[in-house]
$ cat query-v9.txt   # compact mmCIF, C-alpha atoms
# COMPACT_ATOMS: atom_id res chain seq x y z
CA MET M 21 64.21 16.14 33.40
CA ALA M 22 63.00 14.21 30.40
CA GLU M 23 60.67 11.29 30.98
CA ILE M 24 59.72 8.33 28.87
CA ILE M 25 55.96 8.34 28.68
CA GLY M 26 55.48 5.16 26.70
CA GLY M 27 56.64 2.81 24.01
CA ILE M 28 55.34 1.27 20.82
CA GLY M 29 56.32 -1.93 19.04
CA ILE M 30 55.21 -2.10 15.41
CA SER M 31 55.88 -4.08 12.23
CA HIS M 32 57.21 -2.54 9.04
CA THR M 33 57.08 -3.68 5.42
CA PRO M 34 57.28 -1.88 2.08
CA SER M 35 53.81 -3.09 1.16
CA MET M 36 52.41 -1.43 4.30
CA GLY M 37 53.58 1.90 2.91
CA MET M 38 52.30 1.22 -0.59
CA ALA M 39 48.97 0.12 0.89
CA PHE M 40 48.75 3.41 2.77
CA ASP M 41 49.34 5.50 -0.35
CA ALA M 42 46.85 3.48 -2.37
CA GLY M 43 44.41 3.44 0.54
CA MET M 44 44.41 7.23 0.89
CA ARG M 45 43.88 7.56 -2.85
CA ASP M 46 41.35 4.83 -3.61
CA GLY M 47 40.37 3.24 -0.30
CA PHE M 48 42.20 0.37 1.37
CA ALA M 49 42.49 -3.10 -0.14
CA PRO M 50 40.51 -5.63 1.90
CA GLU M 51 43.65 -7.28 3.28
CA TRP M 52 45.01 -3.93 4.50
CA GLN M 53 41.79 -2.37 5.81
CA PRO M 54 42.10 -4.15 9.20
CA TRP M 55 45.61 -2.78 9.69
CA TYR M 56 44.45 0.74 8.94
CA GLU M 57 41.53 0.34 11.36
CA GLY M 58 43.69 -1.37 13.96
CA THR M 59 46.20 1.46 14.03
CA ARG M 60 43.60 4.26 14.53
CA ALA M 61 43.69 3.92 18.30
CA VAL M 62 47.50 3.99 18.28
CA LYS M 63 47.47 7.16 16.24
CA GLY M 64 45.10 8.67 18.80
CA TRP M 65 47.33 7.57 21.66
CA LEU M 66 50.42 9.13 20.07
CA ALA M 67 48.59 12.41 19.45
CA ASP M 68 47.40 12.53 23.07
CA ALA M 69 50.90 11.66 24.29
CA ARG M 70 52.27 14.89 22.73
CA PRO M 71 55.87 13.64 22.57
CA ASP M 72 58.71 16.15 22.32
CA GLN M 73 61.04 13.48 20.92
CA ILE M 74 60.52 10.06 19.38
CA VAL M 75 63.34 7.53 19.52
CA VAL M 76 62.97 4.83 16.86
CA ILE M 77 64.97 1.60 16.90
CA TYR M 78 64.64 0.08 13.42
CA ASN M 79 66.56 -1.76 10.75
CA ASP M 80 67.78 -0.53 7.38
CA HIS M 81 67.39 -2.80 4.34
CA LEU M 82 70.52 -1.96 2.35
CA ASN M 83 68.87 1.34 1.47
CA HIS M 84 71.35 3.52 3.32
CA PHE M 85 74.13 1.20 4.46
CA GLU M 86 75.89 -1.19 2.10
CA PHE M 87 78.26 -4.07 2.69
CA ASP M 88 81.44 -2.04 2.30
CA ALA M 89 80.58 -0.72 5.79
CA TYR M 90 77.50 -2.18 7.44
CA PRO M 91 77.27 -1.11 11.10
CA THR M 92 75.88 -3.50 13.68
CA LEU M 93 74.47 -0.58 15.69
CA ALA M 94 74.20 2.98 14.35
CA ILE M 95 72.57 6.22 15.46
CA GLY M 96 71.46 9.09 13.24
CA VAL M 97 72.42 12.48 14.63
CA SER M 98 71.09 15.25 12.45
CA ASN M 99 68.36 17.87 12.26
CA SER M 100 66.82 16.11 9.31
CA PHE M 101 66.73 12.67 7.71
CA ARG M 102 66.00 12.07 4.03
CA GLN M 103 63.77 9.32 2.72
CA ALA M 104 65.74 6.63 0.89
CA ASP M 105 64.88 5.72 -2.71
CA GLU M 106 64.38 1.95 -2.50
CA GLY M 107 64.27 1.47 -6.24
CA TRP M 108 60.73 2.57 -7.04
CA GLY M 109 61.35 6.24 -6.24
CA PRO M 110 60.59 7.98 -2.92
CA ARG M 111 57.02 8.36 -1.68
CA ALA M 112 55.37 11.78 -1.29
CA PHE M 113 56.39 12.45 2.31
CA PRO M 114 58.66 15.08 3.84
CA ASP M 115 62.01 14.39 5.47
CA LEU M 116 61.99 13.35 9.10
CA PRO M 117 62.92 16.14 11.52
CA GLY M 118 65.72 15.46 13.97
CA ASP M 119 67.13 17.18 17.06
CA SER M 120 70.90 16.91 16.90
CA ASP M 121 71.38 18.25 20.45
CA PHE M 122 69.30 15.40 21.82
CA GLY M 123 71.03 13.01 19.40
CA TRP M 124 74.51 13.97 20.62
CA PHE M 125 73.42 13.71 24.24
CA VAL M 126 72.08 10.19 23.78
CA THR M 127 75.12 9.20 21.68
CA GLU M 128 77.54 10.31 24.39
CA ARG M 129 75.63 8.43 27.06
CA LEU M 130 75.45 5.27 24.95
CA VAL M 131 79.13 5.29 24.00
CA HIS M 132 80.26 5.99 27.54
CA GLY M 133 77.84 3.34 28.68
CA GLY M 134 79.49 0.68 26.54
CA PHE M 135 77.67 0.90 23.20
CA ASP M 136 80.12 1.90 20.46
CA MET M 137 77.57 3.32 18.07
CA THR M 138 78.39 4.23 14.49
CA VAL M 139 77.31 7.87 14.31
CA CYS M 140 75.63 8.91 11.07
CA GLN M 141 75.30 12.64 10.43
CA ASP M 142 73.66 12.05 7.07
CA LEU M 143 71.23 9.15 7.16
CA ALA M 144 68.59 8.21 4.61
CA VAL M 145 65.69 6.34 6.19
CA ASP M 146 63.75 3.61 4.40
CA HIS M 147 60.44 1.79 4.92
CA GLY M 148 61.78 0.66 8.31
CA ILE M 149 60.29 3.95 9.52
CA TYR M 150 58.41 5.42 6.56
CA SER M 151 56.04 2.46 6.08
CA TRP M 152 54.24 2.73 9.44
CA LEU M 153 54.78 6.36 10.41
CA PRO M 154 51.94 7.72 8.22
CA TYR M 155 49.54 5.30 9.99
CA LEU M 156 50.51 6.80 13.34
CA ALA M 157 50.91 10.50 12.55
CA ASP M 158 49.97 13.14 10.02
CA THR M 159 52.45 15.50 8.41
CA PRO M 160 54.09 17.71 9.43
CA TRP M 161 55.60 14.96 11.58
CA PRO M 162 54.73 15.60 15.23
CA ALA M 163 58.21 15.51 16.85
CA PRO M 164 61.91 15.14 16.06
CA ILE M 165 62.97 11.54 15.50
CA LEU M 166 66.16 9.91 16.76
CA PRO M 167 66.80 6.84 14.60
CA ILE M 168 68.85 3.91 15.88
CA ALA M 169 69.62 1.34 13.19
CA VAL M 170 70.27 -2.32 14.01
CA ASN M 171 71.86 -4.73 11.52
CA MET M 172 69.26 -7.31 10.54
CA VAL M 173 70.47 -8.05 7.01
CA ARG M 174 73.71 -9.98 7.49
CA HIS M 175 74.57 -12.52 10.15
CA PRO M 176 75.91 -12.31 12.78
CA LEU M 177 73.05 -10.18 14.10
CA PRO M 178 73.23 -8.52 17.50
CA THR M 179 71.60 -10.84 20.01
CA SER M 180 68.27 -10.30 21.71
CA GLN M 181 70.13 -9.96 25.00
CA ARG M 182 72.38 -7.26 23.59
CA LEU M 183 69.40 -5.34 22.25
CA TRP M 184 67.75 -5.61 25.66
CA GLN M 185 70.88 -4.06 27.18
CA LEU M 186 70.82 -1.36 24.51
CA GLY M 187 67.27 -0.56 25.55
CA ASN M 188 68.32 -0.33 29.19
CA ALA M 189 71.14 2.06 28.29
CA LEU M 190 68.87 4.07 26.02
CA GLY M 191 66.27 4.43 28.77
CA GLU M 192 68.91 5.65 31.23
CA ALA M 193 70.30 8.09 28.67
CA VAL M 194 66.94 9.57 27.80
CA ARG M 195 65.92 10.00 31.43
CA ALA M 196 69.18 11.84 32.13
CA TYR M 197 68.38 14.48 29.50
CA GLU M 198 67.85 17.75 31.31
CA PRO M 199 65.03 19.46 29.41
CA ASP M 200 61.55 18.61 30.67
CA GLN M 201 60.56 16.64 27.63
CA ARG M 202 58.15 13.82 26.93
CA ILE M 203 59.81 10.96 25.06
CA VAL M 204 58.23 8.02 23.24
CA VAL M 205 60.39 5.02 22.30
CA ILE M 206 59.34 3.00 19.28
CA ALA M 207 60.83 -0.28 18.07
CA THR M 208 59.98 -1.70 14.67
CA GLY M 209 60.66 -5.01 13.01
CA GLY M 210 59.10 -8.34 12.14
CA MET M 211 56.79 -9.88 12.97
CA SER M 212 56.86 -13.33 11.40
CA HIS M 213 57.86 -13.24 7.73
CA GLN M 214 60.26 -14.77 5.25
CA ILE M 215 60.79 -13.08 1.93
CA SER M 216 63.05 -15.48 0.08
CA GLY M 217 63.46 -19.21 -0.52
CA GLY M 218 60.90 -21.98 -0.57
CA ARG M 219 59.37 -20.76 2.68
CA PHE M 220 58.57 -17.38 1.09
CA GLY M 221 55.38 -15.92 2.58
CA MET M 222 55.21 -18.19 5.61
CA ALA M 223 52.83 -16.84 8.22
CA ASN M 224 52.94 -17.92 11.86
CA GLU M 225 50.20 -15.97 13.59
CA GLY M 226 50.56 -18.10 16.70
CA LEU M 227 54.15 -16.99 17.16
CA ASP M 228 53.25 -13.33 16.68
CA ARG M 229 50.40 -13.46 19.19
CA PHE M 230 52.57 -15.35 21.68
CA PHE M 231 55.21 -12.63 21.41
CA LEU M 232 52.70 -9.82 21.86
CA ALA M 233 51.08 -11.56 24.82
CA HIS M 234 54.34 -11.93 26.76
CA LEU M 235 56.24 -8.74 26.00
CA GLN M 236 54.84 -6.71 28.90
CA ASP M 237 55.32 -9.01 31.87
CA ASP M 238 57.27 -12.04 30.71
CA ALA M 239 59.93 -10.65 28.42
CA ALA M 240 62.48 -12.98 30.01
CA ARG M 241 60.64 -15.92 28.48
CA LEU M 242 60.84 -14.32 25.03
CA LEU M 243 64.50 -13.37 25.52
CA ALA M 244 65.31 -17.01 26.19
CA ILE M 245 64.20 -17.97 22.67
CA PRO M 246 67.28 -18.07 20.42
CA GLN M 247 67.03 -15.87 17.33
CA ARG M 248 67.48 -18.96 15.19
CA GLU M 249 64.37 -20.44 16.78
CA LEU M 250 62.41 -17.28 15.95
CA MET M 251 63.68 -17.66 12.37
CA ARG M 252 62.77 -21.34 12.21
CA LEU M 253 59.24 -20.73 13.43
CA GLY M 254 58.46 -17.34 11.99
CA GLY M 255 60.74 -17.12 8.95
CA THR M 256 64.21 -15.66 8.57
CA GLU M 257 63.08 -12.06 8.99
CA ALA M 258 61.26 -12.87 12.25
CA ALA M 259 64.69 -12.28 13.82
CA GLU M 260 63.71 -8.61 13.67
CA LEU M 261 61.49 -9.25 16.69
CA SER M 262 64.72 -8.90 18.69
CA ILE M 263 64.55 -5.17 18.03
CA TRP M 264 61.36 -4.94 20.08
CA PHE M 265 63.35 -5.85 23.19
CA ALA M 266 65.22 -2.55 22.97
CA MET M 267 61.91 -0.69 23.33
CA ARG M 268 60.65 -2.88 26.15
CA ALA M 269 63.92 -2.56 28.08
CA ALA M 270 63.90 1.23 27.76
CA LEU M 271 60.63 1.25 29.71
CA SER M 272 60.01 0.44 33.36
CA SER M 273 58.70 -2.77 34.87
CA THR M 274 55.43 -1.05 35.70
CA VAL M 275 54.22 -0.22 32.20
CA ARG M 276 50.67 -0.97 31.27
CA GLU M 277 49.60 -2.25 27.85
CA VAL M 278 47.02 0.13 26.41
CA HIS M 279 46.69 -1.14 22.81
CA ARG M 280 47.41 -4.36 20.99
CA PHE M 281 46.48 -5.40 17.46
CA HIS M 282 47.58 -8.06 14.98
CA THR M 283 46.65 -9.02 11.44
CA PHE M 284 48.37 -10.88 8.60
CA PRO M 285 47.64 -9.02 5.37
CA LYS M 286 49.92 -10.83 2.94
CA ILE M 287 53.54 -11.76 3.67
CA THR M 288 54.36 -10.06 6.95
CA GLY M 289 52.73 -10.40 10.33
CA CYS M 290 51.55 -6.89 11.18
CA GLY M 291 51.40 -6.27 14.90
CA VAL M 292 51.38 -3.21 17.10
CA ILE M 293 51.52 -2.85 20.86
CA VAL M 294 51.50 0.26 23.02
CA PHE M 295 52.83 0.46 26.57
CA GLU M 296 52.20 3.45 28.78
CA GLU M 297 54.25 4.44 31.77
CA PRO M 298 52.46 5.31 35.00
CA PRO M 299 52.82 9.02 35.85
CA VAL M 300 55.67 8.36 38.31
CA VAL M 301 58.56 6.76 36.47
CA THR M 302 60.50 3.94 38.14
CA ASP M 303 63.87 2.48 37.23
CA ALA M 304 64.19 0.32 34.12
CA ILE M 305 64.06 -3.38 34.76
CA ALA M 306 67.00 -5.61 34.01
CA VAL M 307 65.99 -9.18 33.28
CA GLY M 308 68.30 -9.45 30.28
CA GLY M 309 71.84 -10.33 31.25
CA ARG M 310 74.26 -12.11 29.01
CA MET N 19 52.64 -25.70 -3.63
CA ARG N 20 53.49 -27.39 -0.35
CA ASP N 21 52.95 -25.56 2.92
CA PRO N 22 56.13 -24.04 4.33
CA SER N 23 58.03 -26.31 6.69
CA PHE N 24 60.01 -25.46 9.79
CA ASP N 25 63.33 -26.43 8.23
CA MET N 26 66.20 -23.99 7.89
CA GLU N 27 67.92 -25.61 4.91
CA GLU N 28 68.18 -24.43 1.31
CA PRO N 29 66.23 -24.14 -0.87
CA GLY N 30 63.56 -23.52 1.77
CA THR N 31 65.66 -20.97 3.59
CA PHE N 32 68.68 -18.91 2.57
CA ILE N 33 70.70 -17.56 5.50
CA PHE N 34 72.72 -14.50 4.57
CA ASP N 35 75.92 -15.02 6.56
CA GLY N 36 79.44 -13.69 6.28
CA PRO N 37 80.85 -16.14 3.70
CA ARG N 38 77.78 -15.63 1.52
CA SER N 39 78.25 -11.89 1.82
CA THR N 40 81.87 -12.26 0.67
CA ALA N 41 80.77 -14.33 -2.32
CA GLY N 42 78.09 -11.80 -3.21
CA MET N 43 80.11 -8.57 -3.01
CA ARG N 44 80.15 -7.94 -6.78
CA LEU N 45 76.51 -8.83 -7.30
CA ASN N 46 75.35 -6.75 -4.36
CA ARG N 47 77.40 -3.70 -5.37
CA PHE N 48 75.92 -3.93 -8.84
CA ALA N 49 72.34 -4.42 -7.63
CA LEU N 50 72.52 -1.71 -4.95
CA SER N 51 73.84 0.80 -7.49
CA LEU N 52 70.34 0.61 -8.96
CA LYS N 53 69.03 2.65 -6.03
CA GLN N 54 70.12 5.64 -8.10
CA PRO N 55 67.58 6.59 -10.78
CA SER N 56 70.36 7.47 -13.26
CA ASN N 57 71.87 4.01 -12.87
CA ARG N 58 68.50 2.39 -13.42
CA ALA N 59 68.15 4.29 -16.68
CA THR N 60 71.68 3.42 -17.78
CA PHE N 61 71.22 -0.25 -17.00
CA LEU N 62 67.93 -0.46 -18.87
CA ALA N 63 69.41 1.32 -21.88
CA ASP N 64 72.45 -0.94 -22.17
CA PRO N 65 72.61 -3.80 -19.63
CA ASP N 66 75.89 -5.19 -20.99
CA ALA N 67 77.77 -1.93 -20.76
CA PHE N 68 76.41 -1.27 -17.30
CA MET N 69 77.33 -4.72 -16.01
CA ASN N 70 80.86 -4.27 -17.38
CA ARG N 71 81.34 -1.52 -14.83
CA TRP N 72 80.76 -3.86 -11.93
CA ASP N 73 83.23 -6.58 -12.72
CA LEU N 74 80.59 -9.32 -12.66
CA THR N 75 81.72 -12.83 -13.55
CA GLU N 76 80.28 -14.56 -16.62
CA ARG N 77 78.22 -16.74 -14.32
CA GLU N 78 76.82 -13.72 -12.45
CA ARG N 79 75.99 -11.92 -15.69
CA SER N 80 74.14 -14.93 -17.00
CA LEU N 81 72.12 -15.18 -13.78
CA VAL N 82 71.11 -11.53 -14.21
CA GLU N 83 70.28 -12.00 -17.89
CA ALA N 84 68.20 -15.10 -17.14
CA ARG N 85 66.36 -13.31 -14.27
CA ASP N 86 67.34 -16.39 -12.28
CA TRP N 87 66.28 -14.96 -8.92
CA THR N 88 66.96 -18.18 -7.03
CA GLY N 89 70.40 -18.53 -8.59
CA LEU N 90 71.20 -14.92 -7.75
CA LEU N 91 70.37 -15.50 -4.07
CA ALA N 92 72.37 -18.74 -4.02
CA ALA N 93 75.33 -16.89 -5.55
CA GLY N 94 75.41 -14.42 -2.66
CA GLY N 95 72.96 -11.79 -3.80
CA HIS N 96 71.11 -10.37 -0.80
CA LEU N 97 67.35 -10.35 -1.21
CA GLN N 98 67.20 -6.63 -0.43
CA ALA N 99 69.83 -5.93 -3.10
CA ILE N 100 68.39 -8.26 -5.73
CA LEU N 101 65.03 -6.57 -5.10
CA LYS N 102 66.52 -3.37 -6.56
CA LEU N 103 67.23 -5.26 -9.78
CA ALA N 104 63.67 -6.57 -9.80
CA ALA N 105 62.31 -3.06 -9.17
CA THR N 106 64.38 -1.68 -12.04
CA LEU N 107 62.84 -4.29 -14.33
CA GLY N 108 59.33 -3.38 -13.18
CA LEU N 109 59.00 -6.51 -11.04
CA ASN N 110 58.55 -6.96 -7.31
CA LEU N 111 59.11 -9.25 -4.36
CA TYR N 112 56.48 -11.74 -5.47
CA HIS N 113 58.37 -12.46 -8.71
CA ILE N 114 61.43 -13.42 -6.69
CA GLY N 115 59.49 -15.49 -4.16
CA ALA N 116 57.52 -17.21 -6.90
CA HIS N 117 60.71 -18.17 -8.72
CA ASN N 118 62.11 -19.50 -5.45
CA CYS N 119 59.03 -21.70 -5.10
CA GLY N 120 58.68 -22.74 -8.75
CA VAL N 121 55.34 -21.01 -9.35
CA ASP N 122 54.35 -17.81 -11.12
CA ALA N 123 53.95 -14.47 -9.36
CA HIS N 124 50.17 -14.55 -9.63
CA GLN N 125 50.01 -17.95 -7.95
CA MET N 126 52.34 -16.78 -5.23
CA MET N 127 50.34 -13.64 -4.55
CA HIS N 128 47.23 -15.80 -4.30
CA ALA N 129 48.91 -18.27 -1.92
CA CYS N 130 50.04 -15.65 0.62
CA PRO N 131 49.83 -15.55 3.55
CA ARG N 132 51.00 -19.19 3.66
CA ARG N 133 49.82 -20.02 7.15
CA VAL N 134 51.66 -22.63 9.13
CA VAL N 135 50.18 -24.47 12.05
CA SER N 136 51.73 -22.75 14.99
CA ASP N 137 54.33 -24.41 17.11
CA MET N 138 55.42 -22.75 20.33
CA PRO N 139 59.01 -21.68 20.53
CA HIS N 140 61.55 -23.72 22.38
CA GLY N 141 64.08 -21.82 24.44
$ encode --input "query-v9.txt" --output "structure tokens"
Amino acid sequence: MAEIIGGIGISHTPSMGMAFDAGMRDGFAPEWQPWYEGTRAVKGWLADARPDQIVVIYNDHLNHFEFDAYPTLAIGVSNSFRQADEGWGPRAFPDLPGDSDFGWFVTERLVHGGFDMTVCQDLAVDHGIYSWLPYLADTPWPAPILPIAVNMVRHPLPTSQRLWQLGNALGEAVRAYEPDQRIVVIATGGMSHQISGGRFGMANEGLDRFFLAHLQDDAARLLAIPQRELMRLGGTEAAELSIWFAMRAALSSTVREVHRFHTFPKITGCGVIVFEEPPVVTDAIAVGGR
Amino acid sequence: MRDPSFDMEEPGTFIFDGPRSTAGMRLNRFALSLKQPSNRATFLADPDAFMNRWDLTERERSLVEARDWTGLLAAGGHLQAILKLAATLGLNLYHIGAHNCGVDAHQMMHACPRRVVSDMPHG
């Protein structure tokens, strides 16, 4: 049977991707050098983990979906995912590989488990995945990716509690997959940032560090914070921290934090955390509830 | 420039909710069409003709022409959509944020990250 070997929570931002491209060409800008350095250990962990599949819960930024039909929860089921052109032209990276058999298996489990996913058989992926992936892996990309997209652009957003439940269901689905495969679950969003209005560029490092410090063992305390409170303290886009709950809930209660890093380069709190499962997997915890 | 506050009201904070999304349908369709390179070229070559295709109101067209980024957001443009318009014009996120804050893009770039004294969340 498949097992979840660990999870990663990580920020995304277009500038993170641009900083990577410029950094590889000319060396990293001083504000981005710490992020590059801080993600080296995570890259090493992912390489050592040798995942057969990587599930990524992320959010699109109107680069694939538009308002004529914007799904609250969507899953990409395909053997390949294009990179979206966000307006500046795509970056020089290959498409993401997918594994549609695994994608259909997880989709069926999620839908029968109460999550009516919008299924996308042709999905273009934006900086929600492409901005951080090159920091964590070289090309060719190390494993097929199963993208799950969460609406974070138009209110109402799915609640933190609902995303926790999604993570629970995802964990159960993945562990029911018959092939002996090693699965890593990654959630990406946030951390604190606001990219419009008079609060543009607000940076709440305290909030980000508080979140990182409690995600392993006290997620219930974080879940109790209303999204609007995350937005008030960390900026409107800090609501994306809710996505991290889906990763945490897919893992067991006995995970161990193996890496944590945070820096604030410019307008988005950049954090990363890695949880590793002990060799014997236990049942997923359920502190969420409605 | 004042430090950011913890208020959730405009003009400090724009919340993109359903009614705003309804108001912004035309603007967002127009702006998101600029994800296609051919549309970017067509818009730059003849902005008037291109905007005619998208049924924009006079008010919306004038906001685009004036590069009134704050007005575009207030009129229902989503930041991620309006950013495509900025990208097409060779501008970026800082130009929008700077306009929102009444400074120039260079000042805004220099001011970020705008650190706030942390307050612990209340649940």
$ residues_around --input "query-v9.txt" --residues "Asp72 of chain M" --least-positions-apart "6" --cutoff "7 Å" --atoms "all atoms listed in the file" --output "list in words"
Ala163, Gln201, Arg202 and Ile203 of chain M
$ axis_aligned_box --input "query-v9.txt" --around "segment 97-102 of chain N" --padding-each-side "6 Å" --output "JSON"
{"center_x": 67.4, "center_y": -6.9, "center_z": -3.5, "size_x": 16.8, "size_y": 19.0, "size_z": 18.1}
$ interface_residues --input "query-v9.txt" --of "chain N" --to "chain M" --cutoff "7 Å" --atoms "all atoms listed in the file" --output "PDB file with C-alpha atoms, keeping the file's coordinate frame"
ATOM      1  CA  PRO N  22      56.130 -24.040   4.330  1.00  0.00           C
ATOM      2  CA  SER N  23      58.030 -26.310   6.690  1.00  0.00           C
ATOM      3  CA  PHE N  24      60.010 -25.460   9.790  1.00  0.00           C
ATOM      4  CA  ASP N  25      63.330 -26.430   8.230  1.00  0.00           C
ATOM      5  CA  MET N  26      66.200 -23.990   7.890  1.00  0.00           C
ATOM      6  CA  PRO N  29      66.230 -24.140  -0.870  1.00  0.00           C
ATOM      7  CA  GLY N  30      63.560 -23.520   1.770  1.00  0.00           C
ATOM      8  CA  THR N  31      65.660 -20.970   3.590  1.00  0.00           C
ATOM      9  CA  PHE N  32      68.680 -18.910   2.570  1.00  0.00           C
ATOM     10  CA  PHE N  34      72.720 -14.500   4.570  1.00  0.00           C
ATOM     11  CA  ASP N  35      75.920 -15.020   6.560  1.00  0.00           C
ATOM     12  CA  GLY N  36      79.440 -13.690   6.280  1.00  0.00           C
ATOM     13  CA  LEU N  52      70.340   0.610  -8.960  1.00  0.00           C
ATOM     14  CA  LYS N  53      69.030   2.650  -6.030  1.00  0.00           C
ATOM     15  CA  LEU N  97      67.350 -10.350  -1.210  1.00  0.00           C
ATOM     16  CA  GLN N  98      67.200  -6.630  -0.430  1.00  0.00           C
ATOM     17  CA  ALA N  99      69.830  -5.930  -3.100  1.00  0.00           C
ATOM     18  CA  LYS N 102      66.520  -3.370  -6.560  1.00  0.00           C
ATOM     19  CA  ALA N 105      62.310  -3.060  -9.170  1.00  0.00           C
ATOM     20  CA  THR N 106      64.380  -1.680 -12.040  1.00  0.00           C
ATOM     21  CA  GLY N 115      59.490 -15.490  -4.160  1.00  0.00           C
ATOM     22  CA  ASN N 118      62.110 -19.500  -5.450  1.00  0.00           C
ATOM     23  CA  CYS N 119      59.030 -21.700  -5.100  1.00  0.00           C
ATOM     24  CA  CYS N 130      50.040 -15.650   0.620  1.00  0.00           C
ATOM     25  CA  PRO N 131      49.830 -15.550   3.550  1.00  0.00           C
ATOM     26  CA  ARG N 132      51.000 -19.190   3.660  1.00  0.00           C
ATOM     27  CA  ARG N 133      49.820 -20.020   7.150  1.00  0.00           C
ATOM     28  CA  VAL N 134      51.660 -22.630   9.130  1.00  0.00           C
ATOM     29  CA  SER N 136      51.730 -22.750  14.990  1.00  0.00           C
ATOM     30  CA  MET N 138      55.420 -22.750  20.330  1.00  0.00           C
ATOM     31  CA  PRO N 139      59.010 -21.680  20.530  1.00  0.00           C
ATOM     32  CA  HIS N 140      61.550 -23.720  22.380  1.00  0.00           C
ATOM     33  CA  GLY N 141      64.080 -21.820  24.440  1.00  0.00           C
TER      34      GLY N 141
END
$ atom_distance --input "query-v9.txt" --atom1 "atom CA of Val62 of chain M" --atom2 "atom CA of Ala258 of chain M"
22.6 Å
$ residues_near_point --input "query-v9.txt" --point "(78.4, -8.8, -6.5)" --cutoff "8 Å" --atoms "only C-alpha atoms" --output "list in words"
Ala41, Gly42, Met43, Arg44, Leu45, Asn46, Arg47, Phe48, Ala49, Trp72, Leu74, Glu78, Gly94 and Gly95 of chain N
$ atom_distance --input "query-v9.txt" --atom1 "atom CA of Thr138 of chain M" --atom2 "atom CA of Ala89 of chain M"
10.2 Å
$ residues_around --input "query-v9.txt" --residues "Lys63 of chain M" --least-positions-apart "5" --cutoff "7 Å" --atoms "all atoms listed in the file" --output "count of residues only"
3
$ residues_around --input "query-v9.txt" --residues "Thr92 of chain M" --least-positions-apart "5" --cutoff "7 Å" --atoms "all atoms listed in the file" --output "short mmCIF file (atom, residue, chain, number, x, y, z; two decimals) with C-alpha atoms, in the frame of the given file"
data_model
loop_
_atom_site.label_atom_id
_atom_site.label_comp_id
_atom_site.auth_asym_id
_atom_site.auth_seq_id
_atom_site.Cartn_x
_atom_site.Cartn_y
_atom_site.Cartn_z
CA VAL M 170 70.27 -2.32 14.01
CA ASN M 171 71.86 -4.73 11.52
CA PRO M 178 73.23 -8.52 17.50
#
$ atom_distance --input "query-v9.txt" --atom1 "atom CA of Val139 of chain M" --atom2 "atom CA of Val194 of chain M"
17.1 Å
$ residues_around --input "query-v9.txt" --residues "Phe61 of chain N" --least-positions-apart "6" --cutoff "10 Å" --atoms "all atoms listed in the file" --output "number ranges by chain"
N: 51-52, 55, 67-69, 103, 106-107
$ residues_around --input "query-v9.txt" --residues "Gly29 of chain M" --least-positions-apart "4" --cutoff "9 Å" --atoms "only C-alpha atoms" --output "PyMOL selection string"
chain M and resi 205-209+263-264+267-268+291-295
$ decode --input "query-v9.txt" --residues "segment 37-47 of chain M" --atoms "N, CA and C atoms" --output "PDB file, in the first residue's frame"
ATOM      1  N   GLY M  37       9.874  33.156  -7.804  1.00  0.00           N
ATOM      2  CA  GLY M  37      10.283  32.522  -9.052  1.00  0.00           C
ATOM      3  C   GLY M  37      11.242  33.391  -9.846  1.00  0.00           C
ATOM      4  N   MET M  38      10.914  34.673  -9.938  1.00  0.00           N
ATOM      5  CA  MET M  38      11.797  35.588 -10.686  1.00  0.00           C
ATOM      6  C   MET M  38      13.166  35.664 -10.008  1.00  0.00           C
ATOM      7  N   ALA M  39      13.155  35.656  -8.665  1.00  0.00           N
ATOM      8  CA  ALA M  39      14.415  35.714  -7.918  1.00  0.00           C
ATOM      9  C   ALA M  39      15.252  34.467  -8.180  1.00  0.00           C
ATOM     10  N   PHE M  40      14.576  33.329  -8.363  1.00  0.00           N
ATOM     11  CA  PHE M  40      15.318  32.095  -8.640  1.00  0.00           C
ATOM     12  C   PHE M  40      16.010  32.197  -9.998  1.00  0.00           C
ATOM     13  N   ASP M  41      15.246  32.632 -11.004  1.00  0.00           N
ATOM     14  CA  ASP M  41      15.818  32.717 -12.358  1.00  0.00           C
ATOM     15  C   ASP M  41      16.992  33.695 -12.389  1.00  0.00           C
ATOM     16  N   ALA M  42      16.790  34.850 -11.750  1.00  0.00           N
ATOM     17  CA  ALA M  42      17.871  35.842 -11.716  1.00  0.00           C
ATOM     18  C   ALA M  42      19.035  35.319 -10.883  1.00  0.00           C
ATOM     19  N   GLY M  43      18.710  34.634  -9.791  1.00  0.00           N
ATOM     20  CA  GLY M  43      19.747  34.116  -8.901  1.00  0.00           C
ATOM     21  C   GLY M  43      20.634  33.084  -9.569  1.00  0.00           C
ATOM     22  N   MET M  44      20.026  32.212 -10.379  1.00  0.00           N
ATOM     23  CA  MET M  44      20.802  31.192 -11.086  1.00  0.00           C
ATOM     24  C   MET M  44      21.688  31.819 -12.161  1.00  0.00           C
ATOM     25  N   ARG M  45      21.224  32.948 -12.683  1.00  0.00           N
ATOM     26  CA  ARG M  45      21.946  33.620 -13.772  1.00  0.00           C
ATOM     27  C   ARG M  45      23.072  34.482 -13.221  1.00  0.00           C
ATOM     28  N   ASP M  46      22.713  35.315 -12.215  1.00  0.00           N
ATOM     29  CA  ASP M  46      23.649  36.370 -11.780  1.00  0.00           C
ATOM     30  C   ASP M  46      23.967  36.316 -10.286  1.00  0.00           C
ATOM     31  N   GLY M  47      23.484  35.315  -9.590  1.00  0.00           N
ATOM     32  CA  GLY M  47      23.627  35.310  -8.128  1.00  0.00           C
ATOM     33  C   GLY M  47      22.385  35.940  -7.511  1.00  0.00           C
TER      34      GLY M  47
END
